[in-house]
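Novice: Below is the structure I would like to discuss, written out as structure tokens.
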Amino acid sequence: MEFATTKPLKPSSNISDIVSKFAKVCKLRSIGVFTSENQDQQHPNNPNNISAPLGEDGSDVTEDTECDGVKIHPQPMEVTRTSSMCGDAELSKLFDIVSALKLAYIQLQEAHVPYNPKKIVAADEHFMAELESLCRMKRVYKEKQCVKPESDSSHSAILRKKVELNEKLLEELKFQTEVKNSDIICLQQELRDLDLVNVTLAENVRQISLQRKNARVWNNTTFQDAYRAASKSIHDFAKPLISLMKASGWDLDLAAKAVEVEAAYSKRSHKKYAFEAYIARRMFYGMSLKAYNVDGIMRYDDPMDALIENPDSDFARFCGEKYLLVVHPMMESWFFGHLDHRTLVLSGKHPRTSFYQIFVRMAMWVWVLHGIAPSIDSEAKIFAVTRGSKFSDAYMESVEEDGKGAAVLGEGQVEFMVMPGFRIGETIVRSRVYVSKPKV
């Protein structure tokens, strides 16, 4: 095919703009230049009168041609499509995804400090979505991979290197995500454990609040009531003890004399006070006033239930120690013909016999006295009265039931103390003593 010798026409400004835009986007090489003769062969659907070189059979011209000594290289349309696969748009999208991936990973890290489960889940989902976008773009790139023109080989190598770096970064991020997920699982387990502990603590707080709400208000008046109850419980335990002595053939006069050697009694029946004094001395022996909560033991109608429910409590240990101190092994052997009570107590158990139940009730009131006295007054004191002391109505109370007046008692002397007294603040809880008759 021959070309005219005239110079090629200058394309219109619109054609130049379109060619420039395509060159920027697709990075094409040179676009063929056409002569004025080719302009005569215009395609009817070409609005800008851009000539398309055609062969004799109507196909696209693929051979190189010359025009005024200039070699023209017609470019097929497939080159444009191939170049567009690796154009600026895809690179920009790739970098945007990588930047978004980095930002999502930073947000995932920030969600851990401070620890916020909701933010962690949201950040994790965002991160995985960005990872999926990057993987999807990788698959599309591999599917559309084609042989690049020789001039694009360096650009492809750079792109491949960036892809490799991003793949390594992706693997590292995946590993770090797995580590974070493992940490999240551990923290979730710790959170569940803490929730269980919090439930237990909340229940304990509720129980303590309920106990405080229902707790008794202890004062001097209620302490004196408890003191009288303790004195009565000692008297109640002395009764079966004396009965067992009689049933076992003991000489009560000798037994009373063994307890209070020099005591003089106005009546033979008053020797029972010697046994009450013996029991009280053993029960109060070695105990210092120490404040502790007695509301737990006081809520039981039968203190034996407290021992069965809490066999290792301080009150249970107190009962065991005091029983072994009050009831001598020889006494128990004479009373029952065996040492079963002692054996059970030594093993940390508590026999459910009527004798031991009476003892436990007495032990409860002694336990209560020692706990509430310092609760009312931290400087509370317990005091004793010695034999031969002159009777003082301010500090002593006679155990005799014959209604002696204070004036008559004031002339007598103390034979022995049955119950110790207490000083709580300015209040004196008088000790109980046995007073001898004044000499005529």
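Starting from 1 in every chain, residues are counted up; chains themselves are A, B, ... following the order of the structure tokens, and ligands are numbered from 1 as listed.
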Would you please extract all strand (DSSP E or B) residues from region 334-394 of chain A, as assigned by DSSP on the backbone, and give them as a ChimeraX atom specification?
Specialist: /A:381-383,390
Novice: Excluding region 166-178 of chain A and residues on its chain fewer than 4 positions from it, collect all residues at most 8 Å away from it, counting only C-alpha atoms, and give them as a list of chain:residue names.
Specialist: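 Contacts, with the query itself left out: A:Val98, A:Tyr105, A:Leu131, A:Lys162, A:Ser182.
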Novice: Name all residues at most 6 Å from Arg432 (chain A) (count only C-alpha atoms; drop same-chain ones fewer than 6 positions away) and give them as a ChimeraX atom specification.
Specialist: /A:396-399,418-419
Novice: Enumerate, as JSON, numbers by chain, the complete set of residues in region 210-437 of chain A that a backbone-based DSSP assignment places in helix (DSSP H, G or I).
Specialist: {"A": [210, 211, 212, 213, 214, 220, 221, 222, 223, 224, 225, 226, 227, 228, 229, 230, 231, 232, 233, 234, 235, 236, 237, 238, 239, 240, 241, 242, 243, 244, 245, 246, 247, 252, 253, 254, 255, 256, 257, 258, 259, 268, 269, 270, 271, 272, 273, 274, 275, 276, 277, 278, 279, 280, 281, 282, 283, 284, 295, 296, 297, 298, 303, 304, 305, 306, 307, 308, 309, 314, 315, 316, 317, 318, 319, 320, 321, 322, 323, 324, 325, 326, 329, 330, 331, 332, 333, 334, 335, 336, 340, 341, 342, 343, 344, 345, 346, 354, 355, 356, 357, 358, 359, 360, 361, 362, 363, 364, 365, 366, 367, 368, 369, 370, 371, 372, 373, 374, 375, 376, 406, 407, 408, 409]}
Novice: Excluding Arg342 (chain A) and residues on its chain fewer than 2 positions from it, collect all residues at most 10 Å away from it, counting only C-alpha atoms, and give them as a list in words.
Specialist: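 Selected residues are Gly320, Tyr323, Leu324, Val327, His328, Pro329, Glu332, Ser333, His338, Leu339, Asp340, Leu344, Val345, Leu346, Ser347, Gly348, Lys349, His350 and Pro351 of chain A.
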Novice: For the residues in the current selection, export C-alpha atoms as a PDB file, in the first residue's frame.
Specialist:
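Below is the file that was written, part.pdb:
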```pdb
ATOM      1  CA  GLY A 320     -14.203 -30.218 122.882  1.00  0.00           C
ATOM      2  CA  TYR A 323     -15.434 -31.048 127.988  1.00  0.00           C
ATOM      3  CA  LEU A 324     -12.067 -32.792 128.393  1.00  0.00           C
ATOM      4  CA  VAL A 327     -15.218 -34.160 132.891  1.00  0.00           C
ATOM      5  CA  HIS A 328     -12.272 -36.172 134.176  1.00  0.00           C
ATOM      6  CA  PRO A 329     -11.723 -39.599 132.550  1.00  0.00           C
ATOM      7  CA  GLU A 332     -16.794 -40.512 132.903  1.00  0.00           C
ATOM      8  CA  SER A 333     -15.738 -44.107 133.469  1.00  0.00           C
ATOM      9  CA  HIS A 338     -16.868 -46.479 129.375  1.00  0.00           C
ATOM     10  CA  LEU A 339     -15.048 -43.533 127.759  1.00  0.00           C
ATOM     11  CA  ASP A 340     -17.097 -43.279 124.571  1.00  0.00           C
ATOM     12  CA  LEU A 344     -15.563 -39.143 120.222  1.00  0.00           C
ATOM     13  CA  VAL A 345     -14.540 -35.703 121.456  1.00  0.00           C
ATOM     14  CA  LEU A 346     -10.850 -36.519 121.008  1.00  0.00           C
ATOM     15  CA  SER A 347     -11.588 -37.529 117.389  1.00  0.00           C
ATOM     16  CA  GLY A 348     -13.262 -34.164 116.731  1.00  0.00           C
ATOM     17  CA  LYS A 349     -16.826 -35.444 116.972  1.00  0.00           C
ATOM     18  CA  HIS A 350     -19.630 -34.622 119.365  1.00  0.00           C
ATOM     19  CA  PRO A 351     -21.860 -37.297 120.953  1.00  0.00           C
TER      20      PRO A 351
END
```
Novice: For Ala264 (chain A), which residue out of A:Glu415, A:Asp393, A:Asp302, A:Asp88 is the nearest one, using only C-alpha atoms?
Specialist: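 Counting only C-alpha atoms, the residue closest to Ala264 (chain A) is A:Glu415.
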Novice: Calculate how many Å separate CA of Val294 (chain A) from CA of Ile372 (chain A), rounding to one decimal.
Specialist: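 CA of Ile372 (chain A) lies 7.4 Å from CA of Val294 (chain A).
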Novice: Rounded to one decimal, what separation in Å do you get between CA of Leu91 (chain A) and CA of Ile106 (chain A)?
Specialist: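 Between CA of Leu91 (chain A) and CA of Ile106 (chain A) the gap works out to 22.6 Å.
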Novice: Looking at only C-alpha atoms, which of A:Leu325, A:Ile376, A:Ile120, A:Ala202 is the one that sits closest to Val217 (chain A)?
Specialist: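 Using only C-alpha atoms, Val217 (chain A) sits closest to A:Ile376.
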Novice: Could you check which of A:Thr221, A:Ser288, A:Thr353, A:Asn310 is closest to Ile428 (chain A), using only C-alpha atoms?
Specialist: A:Thr221
Novice: Would you kindly return, as a list in words, each protein, DNA or RNA residue with an atom no farther than 6 Å from any atom of region 269-284 of chain A, considering only C-alpha atoms and excluding same-chain residues fewer than 5 positions away?
Specialist: Ala238, Ala256, Val326 and Val418 of chain A
